[in-house]
Amino acid sequence: MSRERRRGSGPAKAPPPSRAPQPPRGKARPARVPMAAIASIAGVVLLAAALLWWRGARPPAPGRAAPVSAAPMSDDSIRIVARWLIDANARQDWPEALRLATKLSRALPTNVVALNQLALAEHNMRNPVPSPRMGQRYLLRTSLDYADAERTAIALLDSMRTVAQTPAERARALVYQARVRRFQGLPLEALSACEAALREDPGNADAVQALQEIVSSLRAAQLRAK
Amino acid sequence: MRSPPSPHPTLAMFACVLLLGACAPRARTPDTAPAGADAPAAPVRVLAEHYAHSLAALGAPGARRAFQVGDGSQVATGDVAVRFVFAGGGPVRTSPVWFESDGVPVAHWWMASARESVTFEAAASPRTALGDTSLELAVLATVVRGDASALELRLATRAEGPTFTPWDASDSVRFAEGWHGVDAMRNGALVARLGAGWVPPSAPAAEAPVVTSGLGDGALRTRGTAGARTLELWLPAYPVSIDAAAPRAYADVAAAARRLWRGWLAKAAPFSTTDTLVDAAYRAALVTLVLDHERDRGEWVPIGNPLQYRDVWLRDGARAIRALARAGLGEFARSDARTLLRFQLEPGVLLSQKGQLDGTGFALWAFDQASSLPPDPALAKELLPAAVRAREWIDTQRSQARARGLEPAGLLPPGDPQDNELVQAPLVGNDAWTIAGCEALARMAARAGDAAAAEAARRTAAAHRADFGAALARFGGGPVAASWRGDGRDWGNLQLAYPTRALEPDDPRVLATEARARGRSTVAGLVSYGPADTLHTYLGHDPAMNALLRGDAAGAWITVRALLEHSSSTLGQAETFHANGGFGRNLPPHGTSAADLADLLQSLLALDDGDTLVLAAGAPLSWWNGASLARTPTPYGLLDLSLAHPAADRLHARWGGANAPVRLRVPDGRVATSASGGAVVRPGGRWVVAPAGVGDVEIGIAADGAGR
């Protein structure tokens with residue numbers, strides 16, 4: 001049948017800003033600077049801050065494996081790559097986003113934010129990109145490639161959960177897993193992931209919202225009286 | 001054998017000569033042409049085109065592209081298209097595209113104006129010199145009337161009319177075009193080479209290319225040399241550097257194509273009725289099925305279509321596996337099954353497209369098909385671990401759905417398959433395929449020698465069947481909808497009997513569902529999809545199979561005839577087509593249509609129904625004059641079958657190799673009055689049954705309604 005709707009239903013949402021402190025308000029900016037630019041700059045600062053906050057000599061939690069050796073990258077480079085990553089996501093340049101997210105995760109292999117970004121980048125490879133000839137084109141050739149990308153995304157989120165050091169971080173990994181499962185059309189797996197997130201971090205707002213969305217969707221799809 | 005309406009007296013004679021060659025009784029080109037022998041071309045099989053556009057695909061299994069031939073006098077690679085036109089203008093008629101009568105996909109067509117007439121042939125062959133998955137296409141034009149100088153060749157990016165764009169096509173819409181001698185160059189790469197017969201153009205030169213933009217005709221064109229009788233053209237599947245190009249003459253490419261395809265067709269189990277069109281359609285279906293294969297990670301990958309659907313999905317791949325296995329092309333079926341394993345996700349579910357929760361059932365069923373046709377315990381063992389994980393996922397879904405209060409209780413959760421049913425709801429087909437998949441797993445586990453896994457699968461199947469039956473009560477005795485909610489387009493609800501056997505073929509709900517689906521259609525035997533005047537070629541396959549299982553041969557033949565009467569001139573089928581013959585961008589030939597047609601045609605002679613082999617379920621009396629099968633995989637072994645009509649009042653069936661009880665159908669218009677060899681005539685005289693071990697039966701027959 002028609003395969004036009006078979007792939008991609010939009011990119012995974014960029015992660016909400018971390019709970020790191022908001023950047024201090026600097027000098028007032030000219031009023032005519034677009035909000036998108038401000039948001040982009042803020043996003044870069046927050047992403048970089050999150051990456052750098054978790055970088056550094058934080059000892060691994062007891063019982064966890066020793067850190068994987070990293071490809072060295074200076075703090076400045078991390079900020080730059082983070083900025084490029086946000087830009088790539090904003091313009092829906094998924095291959096570039098994957099390349100940059102891979103670079104970040106190599107530099108910060110046990111960083112939950114980097115792992116999160118890489119998982120999202122893998123998942124977003126299923127989305128089309130503009131094509132001057134075809135209108136849009138898909139990046140991965142076959143459904144087998146999509147299945148590989150989805151498995152990789154889930155595995156990365158598992159890794160994120162493994163290296164996470166707080167319940168909130170573990171819950172975040174589970175919420176993203178729930179979103180991927182929901183996207184795959186596996187509502188029961190998505191529900192289980194949300195519930196696991198709430199066990200990790202009771203009251204986690206993202207988990208509550210995701211759970212409500214899935215339940216609403218299931219209710220809407222359920223039987224109605226004939 | 002059909003004769004196309006002929007548009008021109010001279011060509012009418014030409015076509016008739018070809019047709020007579022194709023119709024020579026029993027004088028078919030043998031399927032067993034020895035590999036490596038340069039056997040001559042078989043005659044062209046001239047058939048009417050039933051779609052609004054005539055096009056075909058040329059290629060080879062293992063490639064990642066195919067060439068499009070047609071609509072009209074053109075060929076296309078997806079990066080470049082070449083059109084042949086008469087420079088003088090005026091009305092031009094172009095024939096449909098035809099293949100050769102032994103099924104080999106070498107394309108033939110003609111083009112005629114008031115002054116000129118040219119015939120064309122095109123052949124494609126793998127060419128590793130161009131790339132490990134690459135192909136070459138060679139075209140031969142022969143001037144029948146007029147002068148070659150009137151024939152013009154024009155290069156464009158995109159073919160005119162319905163066409164496709166390959167996934168890996170260049171994104172560029174600006175081209176620096178020029179000729180480097182006889183080589184057509186675009187953006188520095190060779191896209192075509194002129195062979196003998198064409199005037200080598202001097203402009204534009206590749207050293208000073210013209211920049212063109214857009215997808216239509218570019219700057220590259222040329223004409224035939226005055227006085228030439230034949231003209232050749234060569235195209236690689238992908239643009240190549242001049243140094244890498246290694247063009248071959250048409251004769252060499254066509255000989256390679258014939259060797260390749262005769263080799264593949266010779267591997268298939270012989271299938272022969274007395275109906276040359278049925279035989280040709282079966283062979284054409286096998287060609288499409290074989291062509292619809294790529295290679296990846298050392299295994300075959302069953303794709304949906306050689307042109308625009310070069311992707312793999314569980315719903316389609318499973319059907320291809322059954323058809324290929326039944327056809328004796330088990331090499332593909334087994335490898336395809338291994339490829340489908342790659343769709344398994346961590347929870348155990350097999351998913352090729354989001355929301356298509358029947359994928360797990362389809363995959364389990366496909367694994368059973370691949371490992372049972374014929375029985376292959378080693379493959380069953382190899383596939384079993386993944387299959388058991390899939391069954392465990394089903395158990396988890398059932399228990400969680402019940403615990404969460406989803407309705408219907410115990411069945412799979414709602415899904416949005418993004419296709420087919422076009423609804424987000426709990427889907428009837430998902431559960432029918434869950435039953436089918438678990439029962440298939442039970443058989444496969446037993447074949448693998450794992451009694452515990454077989455028993456666990458049987459338990460899940462039985463439990464799901466019980467919940468399924470309870471849920472069906474909401475439909476009363478009437479038609480079953482696609483979703484448990486009552487909405488959705490007919491899809492999985494047409495698969496309730498064959499092949500899932502969630503219900504029996506004679507269940508009133510199956511009959512009601514089929515009657516409603518068929519009743520909407522504007523073509524008897526086909527089912528509509530969506531609007532009533534959009535016909536679907538394989539959605540009506542399962543109802544036709546149900547008819548066979550019920551003993552309603554006429555009901556099955558309505559679909560067979562409809563499919564043959566709505567096929568392309570190369571006996572390919574579009575997945576869907578409008579009543580006016582248009583198929584939009586969904587170009588034929590479709591792989592699942594081919595799979596289901598092959599399954600249906602073979603089932604007219606032999607069909608597995610549980611523990612019983614059903615013979616001649618759809619064979620008309622004329623087929624008893626020599627229809628036969630040889631080395632045909634069944635779950636009971638490799639079947640040889642021959643049907644004979646030695647006297648007006650006697651039929652003779654001989655079979656061997658398949659150890660199973662047999663149910664044999666007497667053709668419409670006759671009833672059985674006696675049976676020999678341990679076989680017994682069933683009341684009503686329609687069926688003759690024989691226990692396992694009986695393989696030679698003479699049946700006394702009389703005209704239906706008399707002589708009992």
# chains A, B, ... in the order shown; residues from 1 in each chain; ligands from 1
call {"tool": "select_by_dssp", "arguments": {"residues": "region 470-617 of chain B", "states": "strand (DSSP E or B)", "output": "VMD selection string"}}
result
chain B and resid 483 527 to 528 534 to 536 576 to 578 606 to 609 612 to 615
call {"tool": "write_last_selection", "arguments": {"atoms": "all heavy atoms", "output": "short mmCIF file (atom, residue, chain, number, x, y, z; two decimals), in the first residue's frame"}}
result
data_model
loop_
_atom_site.label_atom_id
_atom_site.label_comp_id
_atom_site.auth_asym_id
_atom_site.auth_seq_id
_atom_site.Cartn_x
_atom_site.Cartn_y
_atom_site.Cartn_z
N SER B 483 -11.21 -3.36 12.48
CA SER B 483 -10.85 -3.11 13.88
C SER B 483 -11.94 -3.66 14.79
O SER B 483 -13.11 -3.77 14.39
CB SER B 483 -10.65 -1.61 14.12
OG SER B 483 -11.90 -0.98 14.29
N VAL B 527 -11.08 -7.02 -4.89
CA VAL B 527 -11.60 -6.25 -3.76
C VAL B 527 -11.18 -4.81 -3.94
O VAL B 527 -10.06 -4.52 -4.38
CB VAL B 527 -11.04 -6.83 -2.44
CG1 VAL B 527 -11.43 -5.97 -1.26
CG2 VAL B 527 -11.54 -8.26 -2.23
N SER B 528 -12.05 -3.90 -3.58
CA SER B 528 -11.70 -2.49 -3.63
C SER B 528 -10.92 -2.12 -2.39
O SER B 528 -11.09 -2.73 -1.32
CB SER B 528 -12.95 -1.62 -3.70
OG SER B 528 -13.67 -1.88 -4.87
N THR B 534 -11.22 1.89 -6.81
CA THR B 534 -9.78 1.59 -6.66
C THR B 534 -9.66 0.12 -6.35
O THR B 534 -10.07 -0.34 -5.29
CB THR B 534 -9.15 2.44 -5.55
OG1 THR B 534 -9.24 3.82 -5.88
CG2 THR B 534 -7.67 2.07 -5.37
N LEU B 535 -9.14 -0.64 -7.31
CA LEU B 535 -9.08 -2.09 -7.17
C LEU B 535 -7.73 -2.51 -6.61
O LEU B 535 -6.69 -1.94 -6.95
CB LEU B 535 -9.28 -2.77 -8.54
CG LEU B 535 -10.68 -2.70 -9.16
CD1 LEU B 535 -11.76 -3.05 -8.14
CD2 LEU B 535 -10.96 -1.37 -9.82
N HIS B 536 -7.76 -3.53 -5.80
CA HIS B 536 -6.54 -4.04 -5.18
C HIS B 536 -6.27 -5.44 -5.71
O HIS B 536 -7.18 -6.26 -5.77
CB HIS B 536 -6.72 -4.07 -3.65
CG HIS B 536 -5.44 -4.11 -2.90
ND1 HIS B 536 -4.62 -5.20 -2.89
CD2 HIS B 536 -4.83 -3.17 -2.14
CE1 HIS B 536 -3.55 -4.94 -2.16
NE2 HIS B 536 -3.65 -3.72 -1.68
N THR B 576 -2.43 -1.50 -6.63
CA THR B 576 -3.78 -0.98 -6.79
C THR B 576 -3.86 -0.26 -8.12
O THR B 576 -2.86 0.21 -8.64
CB THR B 576 -4.15 0.03 -5.69
OG1 THR B 576 -3.20 1.11 -5.71
CG2 THR B 576 -4.14 -0.60 -4.31
N PHE B 577 -5.04 -0.21 -8.66
CA PHE B 577 -5.24 0.54 -9.90
C PHE B 577 -6.66 1.05 -9.93
O PHE B 577 -7.57 0.48 -9.32
CB PHE B 577 -4.94 -0.33 -11.13
CG PHE B 577 -5.83 -1.52 -11.28
CD1 PHE B 577 -6.94 -1.48 -12.11
CD2 PHE B 577 -5.57 -2.70 -10.61
CE1 PHE B 577 -7.78 -2.58 -12.25
CE2 PHE B 577 -6.39 -3.80 -10.73
CZ PHE B 577 -7.51 -3.74 -11.56
N HIS B 578 -6.80 2.14 -10.63
CA HIS B 578 -8.12 2.74 -10.76
C HIS B 578 -8.90 2.01 -11.85
O HIS B 578 -8.32 1.37 -12.73
CB HIS B 578 -7.95 4.22 -11.11
CG HIS B 578 -9.21 5.00 -11.06
ND1 HIS B 578 -9.97 5.26 -12.19
CD2 HIS B 578 -9.88 5.56 -10.02
CE1 HIS B 578 -11.03 5.96 -11.84
NE2 HIS B 578 -11.01 6.15 -10.54
N ALA B 606 -2.31 -27.88 -6.29
CA ALA B 606 -1.93 -28.53 -5.02
C ALA B 606 -1.88 -27.51 -3.92
O ALA B 606 -1.34 -26.42 -4.10
CB ALA B 606 -0.57 -29.22 -5.15
N LEU B 607 -2.43 -27.88 -2.76
CA LEU B 607 -2.58 -26.94 -1.65
C LEU B 607 -2.48 -27.71 -0.36
O LEU B 607 -3.07 -28.78 -0.22
CB LEU B 607 -3.94 -26.25 -1.79
CG LEU B 607 -4.47 -25.40 -0.65
CD1 LEU B 607 -3.54 -24.25 -0.38
CD2 LEU B 607 -5.87 -24.90 -1.02
N ASP B 608 -1.71 -27.17 0.62
CA ASP B 608 -1.63 -27.83 1.93
C ASP B 608 -2.72 -27.26 2.83
O ASP B 608 -2.86 -26.06 2.96
CB ASP B 608 -0.25 -27.61 2.56
CG ASP B 608 0.20 -26.16 2.54
OD1 ASP B 608 0.47 -25.62 1.45
OD2 ASP B 608 0.25 -25.55 3.63
N ASP B 609 -3.50 -28.15 3.41
CA ASP B 609 -4.59 -27.76 4.31
C ASP B 609 -4.44 -28.55 5.60
O ASP B 609 -5.01 -29.63 5.75
CB ASP B 609 -5.94 -28.03 3.64
CG ASP B 609 -7.11 -27.57 4.49
OD1 ASP B 609 -6.89 -26.83 5.48
OD2 ASP B 609 -8.26 -27.96 4.19
N THR B 612 -3.63 -32.34 5.51
CA THR B 612 -4.14 -32.93 4.27
C THR B 612 -3.61 -32.20 3.05
O THR B 612 -3.54 -30.96 3.03
CB THR B 612 -5.68 -32.87 4.26
OG1 THR B 612 -6.17 -33.56 5.41
CG2 THR B 612 -6.25 -33.53 3.01
N LEU B 613 -3.26 -32.97 2.05
CA LEU B 613 -2.86 -32.41 0.76
C LEU B 613 -4.09 -32.34 -0.13
O LEU B 613 -4.77 -33.35 -0.33
CB LEU B 613 -1.79 -33.30 0.13
CG LEU B 613 -1.30 -32.94 -1.28
CD1 LEU B 613 -0.64 -31.57 -1.28
CD2 LEU B 613 -0.33 -34.01 -1.79
N VAL B 614 -4.40 -31.18 -0.62
CA VAL B 614 -5.57 -30.99 -1.48
C VAL B 614 -5.08 -30.88 -2.92
O VAL B 614 -4.25 -30.02 -3.24
CB VAL B 614 -6.35 -29.72 -1.09
CG1 VAL B 614 -7.59 -29.57 -1.95
CG2 VAL B 614 -6.72 -29.76 0.39
N LEU B 615 -5.57 -31.75 -3.76
CA LEU B 615 -5.12 -31.78 -5.15
C LEU B 615 -6.25 -31.35 -6.09
O LEU B 615 -7.40 -31.67 -5.85
CB LEU B 615 -4.64 -33.19 -5.53
CG LEU B 615 -3.43 -33.72 -4.74
CD1 LEU B 615 -3.11 -35.15 -5.17
CD2 LEU B 615 -2.23 -32.82 -4.95
#
call {"tool": "interface_residues", "arguments": {"of": "chain B", "to": "chain A", "cutoff": "8 Å", "atoms": "only C-alpha atoms", "output": "MDAnalysis selection string"}}
result
chainID B and resid 165 167 171:173 310:313 342:343 345:346 351:357 397 400:401 406:408 413:416 418:420 424:426 484:486 575:576 586
call {"tool": "atom_distance", "arguments": {"atom1": "CA of Asn546 (chain B)", "atom2": "CA of Leu511 (chain B)"}}
result
9.2 Å
call {"tool": "residues_around", "arguments": {"residues": "Ser399 (chain B)", "least_positions_apart": "5", "cutoff": "12 Å", "atoms": "only C-alpha atoms", "output": "list in words"}}
result
Leu188 of chain A; Glu392, Trp393, Ile394, Arg404, Gly405, Leu406, Ala409, Gly410, Leu411, Leu412, Pro413, Thr460, Ala463, His464 and Asp467 of chain B
call {"tool": "write_last_selection", "arguments": {"atoms": "N, CA and C atoms", "output": "short mmCIF file (atom, residue, chain, number, x, y, z; two decimals), in the first residue's frame"}}
result
data_model
loop_
_atom_site.label_atom_id
_atom_site.label_comp_id
_atom_site.auth_asym_id
_atom_site.auth_seq_id
_atom_site.Cartn_x
_atom_site.Cartn_y
_atom_site.Cartn_z
N LEU A 188 2.27 -0.52 25.38
CA LEU A 188 2.43 -1.15 26.70
C LEU A 188 3.86 -1.03 27.19
N GLU B 392 7.02 -15.08 23.78
CA GLU B 392 7.04 -14.52 25.15
C GLU B 392 6.55 -13.07 25.14
N TRP B 393 6.90 -12.33 24.10
CA TRP B 393 6.39 -10.97 23.99
C TRP B 393 4.87 -10.98 23.88
N ILE B 394 4.34 -11.90 23.10
CA ILE B 394 2.89 -12.01 22.96
C ILE B 394 2.26 -12.30 24.31
N ARG B 404 -4.35 -4.06 32.44
CA ARG B 404 -4.64 -2.63 32.30
C ARG B 404 -6.07 -2.36 31.85
N GLY B 405 -6.82 -3.42 31.68
CA GLY B 405 -8.23 -3.23 31.36
C GLY B 405 -8.50 -2.84 29.92
N LEU B 406 -7.54 -3.16 29.03
CA LEU B 406 -7.79 -2.84 27.62
C LEU B 406 -8.82 -3.81 27.06
N ALA B 409 -10.52 -7.94 25.92
CA ALA B 409 -9.63 -8.47 26.95
C ALA B 409 -8.70 -9.53 26.38
N GLY B 410 -7.43 -9.39 26.76
CA GLY B 410 -6.45 -10.41 26.41
C GLY B 410 -5.88 -10.32 25.02
N LEU B 411 -6.39 -9.40 24.22
CA LEU B 411 -5.90 -9.28 22.85
C LEU B 411 -4.84 -8.19 22.76
N LEU B 412 -4.23 -8.04 21.58
CA LEU B 412 -3.15 -7.08 21.44
C LEU B 412 -3.67 -5.65 21.61
N PRO B 413 -2.82 -4.75 22.07
CA PRO B 413 -3.27 -3.37 22.28
C PRO B 413 -3.54 -2.68 20.95
N THR B 460 -0.38 -20.62 24.20
CA THR B 460 -0.63 -19.22 23.88
C THR B 460 -1.64 -19.09 22.74
N ALA B 463 -5.12 -19.88 24.06
CA ALA B 463 -5.64 -18.81 24.90
C ALA B 463 -6.05 -17.60 24.05
N HIS B 464 -5.21 -17.28 23.08
CA HIS B 464 -5.54 -16.13 22.24
C HIS B 464 -6.76 -16.43 21.39
N ASP B 467 -9.85 -15.89 23.52
CA ASP B 467 -10.19 -14.46 23.69
C ASP B 467 -10.68 -13.86 22.37
#
call {"tool": "decode", "arguments": {"residues": "region 320-335 of chain B", "atoms": "N, CA, C and O atoms", "output": "short mmCIF file (atom, residue, chain, number, x, y, z; two decimals), in the first residue's frame"}}
result
data_model
loop_
_atom_site.label_atom_id
_atom_site.label_comp_id
_atom_site.auth_asym_id
_atom_site.auth_seq_id
_atom_site.Cartn_x
_atom_site.Cartn_y
_atom_site.Cartn_z
N ALA B 320 6.05 -13.36 0.36
CA ALA B 320 7.08 -13.73 -0.62
C ALA B 320 7.75 -15.04 -0.20
O ALA B 320 8.02 -15.91 -1.04
N ILE B 321 8.01 -15.18 1.09
CA ILE B 321 8.66 -16.40 1.58
C ILE B 321 7.81 -17.61 1.26
O ILE B 321 8.31 -18.64 0.77
N ARG B 322 6.53 -17.54 1.51
CA ARG B 322 5.68 -18.71 1.22
C ARG B 322 5.70 -19.03 -0.28
O ARG B 322 5.86 -20.18 -0.67
N ALA B 323 5.52 -18.00 -1.10
CA ALA B 323 5.46 -18.24 -2.54
C ALA B 323 6.78 -18.83 -3.06
O ALA B 323 6.78 -19.75 -3.88
N LEU B 324 7.89 -18.27 -2.59
CA LEU B 324 9.19 -18.76 -3.06
C LEU B 324 9.44 -20.18 -2.59
O LEU B 324 9.95 -21.02 -3.34
N ALA B 325 9.09 -20.45 -1.33
CA ALA B 325 9.30 -21.80 -0.82
C ALA B 325 8.46 -22.80 -1.60
O ALA B 325 8.95 -23.87 -1.99
N ARG B 326 7.21 -22.46 -1.84
CA ARG B 326 6.33 -23.38 -2.57
C ARG B 326 6.81 -23.58 -4.00
O ARG B 326 6.57 -24.62 -4.61
N ALA B 327 7.46 -22.56 -4.55
CA ALA B 327 7.91 -22.63 -5.93
C ALA B 327 9.23 -23.40 -6.07
O ALA B 327 9.74 -23.55 -7.17
N GLY B 328 9.77 -23.85 -4.94
CA GLY B 328 11.03 -24.56 -5.02
C GLY B 328 12.25 -23.65 -5.01
O GLY B 328 13.37 -24.11 -5.26
N LEU B 329 12.03 -22.37 -4.75
CA LEU B 329 13.14 -21.41 -4.66
C LEU B 329 13.46 -21.18 -3.19
O LEU B 329 13.46 -20.07 -2.68
N GLY B 330 13.73 -22.29 -2.52
CA GLY B 330 13.95 -22.25 -1.08
C GLY B 330 15.19 -21.47 -0.68
O GLY B 330 15.27 -20.96 0.43
N GLU B 331 16.15 -21.36 -1.59
CA GLU B 331 17.35 -20.57 -1.29
C GLU B 331 16.94 -19.15 -0.88
O GLU B 331 17.45 -18.59 0.08
N PHE B 332 16.01 -18.59 -1.63
CA PHE B 332 15.53 -17.24 -1.29
C PHE B 332 14.70 -17.27 -0.01
O PHE B 332 14.87 -16.44 0.88
N ALA B 333 13.79 -18.23 0.07
CA ALA B 333 12.86 -18.25 1.20
C ALA B 333 13.61 -18.37 2.52
O ALA B 333 13.31 -17.66 3.50
N ARG B 334 14.58 -19.27 2.59
CA ARG B 334 15.30 -19.48 3.85
C ARG B 334 16.13 -18.25 4.21
O ARG B 334 16.17 -17.82 5.36
N SER B 335 16.77 -17.71 3.22
CA SER B 335 17.60 -16.52 3.48
C SER B 335 16.72 -15.33 3.87
O SER B 335 17.06 -14.55 4.77
#
